[in-house]
Amino acid sequence: MTQCKSVCKSWRDLLSTPYFAHLQFAKAKPSSLLFCHCSGNKTRLYCCHVHSSRSSNINNAMVSMPTKFKLPKNTFGGKVVGSSNGLLCLSEIHRMKKKFYICNPITGEYVGIAGPKVDQGWHVFEPIGFFYNPQNQQCKILMPRVRAGYGNFPGSGQIFTLGSNSWRNIDIPGHLHLIRAVPLNGALHWISNRDDRHISSFDMENEQASSIVLPDQIVMHTASLAGLGNFLCIFDNGYPEFNIWVMKEYGVEESWKHYTVKRSPNSHYRPVAIKEDASILLIQNSETLISYDPKTKESRALYDQIGDRRFVYIHTPSLVPLKDILIGAGHYKILNVGKRKRCSTINFLEF
């Protein structure tokens, strides 16, 4: 990925063509970690690129966290809804304001989308799903909603499809307003019932619900879900071992693979990604990024200054301009985070 465009004219012209952008995205992989830092009314987003090289000098590579991305507003205080095929969805949800942004953090381009009108007698919550399919340019945002006064009664949702310019109501199983769904393979995943050994899922493209059977060894009352790039994962912070189950082939129940990581009584782990060399990236105690090698069963610290950047998203870098994505989607004003300014900077850190 480029950090600047201080190159000769022929290179600049080549890098600016739609052909190059689409060629780059066709070869791109979900290899970047986005760390989201929310403090008061200010949200900051940092990017860390994941390499598979084992030869790097970790002490030198981890001197500082990569430069933060610029977001649509200098005072942006919202949240990241999700990352999907090179695009990010951001939201600002307040009592009197519901605003969404779909942006490409590499190019700095973004479009604004107005939130739904809330029907009387209903409550809406933070959006839980974002989906973009580059094959048909379909882009969707999903918000859960419940009837006022119904407590934990399963609700429904509202979904926005780019190009329709409107939100529509949709039935969704489970209590989606109470959980944080895991996006993977174009679907949302969550554990809706601790007494049922299934993962519930909702396909954002065809808007159909289904379920995935879990391994018998999983302790359901302590289990949590995660998405590790292209792999669905379930884990628990058991002692003296941290247990991870990874679904190597999506939807194939026989493909669950079990890993264990030794841990001390005061350590807690959260898996965030699987590298090409099969090592697993974990966040320890919400502050240290470590790499675990299942073959040698060894762990090594990669970066110990994560601080309170606790929200982590897997991202696929893309140079595809928003105008190519919004073809046929109606009238949207494409804005940029900084005119004549570098929109984002990614430092390549080799883990």
# chains A, B, ... in the order shown; residues from 1 in each chain; ligands from 1

$ residues_around --residues "Tyr110 in chain A" --least-positions-apart "5" --cutoff "7 Å" --atoms "only C-alpha atoms" --output "list in words"
Pro72, Tyr101, Ile102, Cys103, Asn104, Ile334, Leu335 and Asn336 of chain A

$ closest_residue --among "A:Trp190, A:Phe130, A:Phe242, A:Trp11" --to "Val81 in chain A" --atoms "only C-alpha atoms"
A:Phe130

$ closest_residue --among "A:Ala26, A:Ile234, A:Leu302, A:Ala273" --to "His315 in chain A" --atoms "only C-alpha atoms"
A:Ala273

$ select_by_dssp --residues "range 264-297 of chain A" --states "strand (DSSP E)" --output "PyMOL selection string"
chain A and resi 269-274+280-284+288-293

$ residues_around --residues "Pro18 in chain A" --least-positions-apart "2" --cutoff "10 Å" --atoms "only C-alpha atoms" --output "list in words"
Leu14, Leu15, Ser16, Phe20, Ala21, His22, Leu23, Gln24, Leu319, Val320, Pro321 and Asp324 of chain A

$ write_last_selection --atoms "all heavy atoms" --output "mmCIF file, in the first residue's frame"
data_model
loop_
_atom_site.group_PDB
_atom_site.id
_atom_site.type_symbol
_atom_site.label_atom_id
_atom_site.label_comp_id
_atom_site.auth_asym_id
_atom_site.auth_seq_id
_atom_site.Cartn_x
_atom_site.Cartn_y
_atom_site.Cartn_z
ATOM 1 N N LEU A 14 -0.653 5.311 -13.531
ATOM 2 C CA LEU A 14 -0.935 3.886 -13.411
ATOM 3 C C LEU A 14 -1.636 3.570 -12.094
ATOM 4 O O LEU A 14 -2.644 2.848 -12.066
ATOM 5 C CB LEU A 14 0.363 3.079 -13.512
ATOM 6 C CG LEU A 14 0.250 1.566 -13.237
ATOM 7 C CD1 LEU A 14 -0.643 0.911 -14.283
ATOM 8 C CD2 LEU A 14 1.624 0.922 -13.215
ATOM 9 N N LEU A 15 -1.129 4.137 -10.994
ATOM 10 C CA LEU A 15 -1.701 3.859 -9.675
ATOM 11 C C LEU A 15 -3.089 4.449 -9.516
ATOM 12 O O LEU A 15 -3.846 4.027 -8.638
ATOM 13 C CB LEU A 15 -0.786 4.409 -8.578
ATOM 14 C CG LEU A 15 0.615 3.795 -8.495
ATOM 15 C CD1 LEU A 15 1.437 4.488 -7.429
ATOM 16 C CD2 LEU A 15 0.530 2.305 -8.209
ATOM 17 N N SER A 16 -3.429 5.413 -10.346
ATOM 18 C CA SER A 16 -4.731 6.080 -10.235
ATOM 19 C C SER A 16 -5.803 5.449 -11.111
ATOM 20 O O SER A 16 -6.965 5.871 -11.061
ATOM 21 C CB SER A 16 -4.586 7.562 -10.604
ATOM 22 O OG SER A 16 -3.647 8.207 -9.768
ATOM 23 N N PHE A 20 -5.849 -0.744 -11.906
ATOM 24 C CA PHE A 20 -4.883 -1.058 -10.859
ATOM 25 C C PHE A 20 -5.579 -1.252 -9.514
ATOM 26 O O PHE A 20 -5.245 -2.162 -8.755
ATOM 27 C CB PHE A 20 -3.830 0.052 -10.745
ATOM 28 C CG PHE A 20 -2.801 -0.214 -9.674
ATOM 29 C CD1 PHE A 20 -1.684 -0.987 -9.941
ATOM 30 C CD2 PHE A 20 -2.960 0.311 -8.398
ATOM 31 C CE1 PHE A 20 -0.744 -1.248 -8.951
ATOM 32 C CE2 PHE A 20 -2.034 0.056 -7.408
ATOM 33 C CZ PHE A 20 -0.917 -0.727 -7.678
ATOM 34 N N ALA A 21 -6.560 -0.388 -9.219
ATOM 35 C CA ALA A 21 -7.268 -0.482 -7.934
ATOM 36 C C ALA A 21 -7.983 -1.816 -7.803
ATOM 37 O O ALA A 21 -7.916 -2.484 -6.757
ATOM 38 C CB ALA A 21 -8.260 0.675 -7.803
ATOM 39 N N HIS A 22 -8.676 -2.251 -8.843
ATOM 40 C CA HIS A 22 -9.411 -3.511 -8.790
ATOM 41 C C HIS A 22 -8.447 -4.698 -8.806
ATOM 42 O O HIS A 22 -8.722 -5.735 -8.185
ATOM 43 C CB HIS A 22 -10.398 -3.599 -9.952
ATOM 44 C CG HIS A 22 -11.579 -2.689 -9.808
ATOM 45 N ND1 HIS A 22 -12.676 -3.014 -9.035
ATOM 46 C CD2 HIS A 22 -11.825 -1.453 -10.318
ATOM 47 C CE1 HIS A 22 -13.553 -2.027 -9.082
ATOM 48 N NE2 HIS A 22 -13.059 -1.070 -9.855
ATOM 49 N N LEU A 23 -7.319 -4.569 -9.500
ATOM 50 C CA LEU A 23 -6.316 -5.626 -9.495
ATOM 51 C C LEU A 23 -5.718 -5.787 -8.100
ATOM 52 O O LEU A 23 -5.537 -6.912 -7.616
ATOM 53 C CB LEU A 23 -5.210 -5.311 -10.503
ATOM 54 C CG LEU A 23 -4.068 -6.335 -10.614
ATOM 55 C CD1 LEU A 23 -4.602 -7.671 -11.116
ATOM 56 C CD2 LEU A 23 -2.975 -5.810 -11.537
ATOM 57 N N GLN A 24 -5.435 -4.663 -7.443
ATOM 58 C CA GLN A 24 -4.904 -4.712 -6.075
ATOM 59 C C GLN A 24 -5.895 -5.377 -5.135
ATOM 60 O O GLN A 24 -5.527 -6.229 -4.312
ATOM 61 C CB GLN A 24 -4.590 -3.289 -5.590
ATOM 62 C CG GLN A 24 -4.111 -3.192 -4.147
ATOM 63 C CD GLN A 24 -5.243 -3.084 -3.143
ATOM 64 O OE1 GLN A 24 -6.309 -2.548 -3.446
ATOM 65 N NE2 GLN A 24 -5.034 -3.626 -1.959
ATOM 66 N N LEU A 319 -7.963 0.082 -2.720
ATOM 67 C CA LEU A 319 -7.790 1.368 -3.393
ATOM 68 C C LEU A 319 -8.975 1.707 -4.293
ATOM 69 O O LEU A 319 -8.966 2.729 -4.977
ATOM 70 C CB LEU A 319 -6.513 1.351 -4.244
ATOM 71 C CG LEU A 319 -5.182 1.227 -3.495
ATOM 72 C CD1 LEU A 319 -4.040 1.075 -4.482
ATOM 73 C CD2 LEU A 319 -4.956 2.439 -2.605
ATOM 74 N N VAL A 320 -9.986 0.868 -4.316
ATOM 75 C CA VAL A 320 -11.140 1.073 -5.201
ATOM 76 C C VAL A 320 -11.884 2.341 -4.783
ATOM 77 O O VAL A 320 -12.294 2.483 -3.632
ATOM 78 C CB VAL A 320 -12.092 -0.137 -5.145
ATOM 79 C CG1 VAL A 320 -13.310 0.112 -6.033
ATOM 80 C CG2 VAL A 320 -11.369 -1.402 -5.564
ATOM 81 N N PRO A 321 -12.072 3.293 -5.685
ATOM 82 C CA PRO A 321 -12.769 4.543 -5.343
ATOM 83 C C PRO A 321 -14.253 4.298 -5.108
ATOM 84 O O PRO A 321 -14.859 3.401 -5.707
ATOM 85 C CB PRO A 321 -12.530 5.431 -6.562
ATOM 86 C CG PRO A 321 -12.271 4.486 -7.690
ATOM 87 C CD PRO A 321 -11.582 3.301 -7.086
ATOM 88 N N ASP A 324 -16.804 4.001 -8.034
ATOM 89 C CA ASP A 324 -16.977 2.716 -8.705
ATOM 90 C C ASP A 324 -17.951 1.830 -7.948
ATOM 91 O O ASP A 324 -18.653 0.998 -8.529
ATOM 92 C CB ASP A 324 -15.633 1.999 -8.823
ATOM 93 C CG ASP A 324 -14.710 2.661 -9.836
ATOM 94 O OD1 ASP A 324 -15.109 3.699 -10.389
ATOM 95 O OD2 ASP A 324 -13.603 2.148 -10.068
#
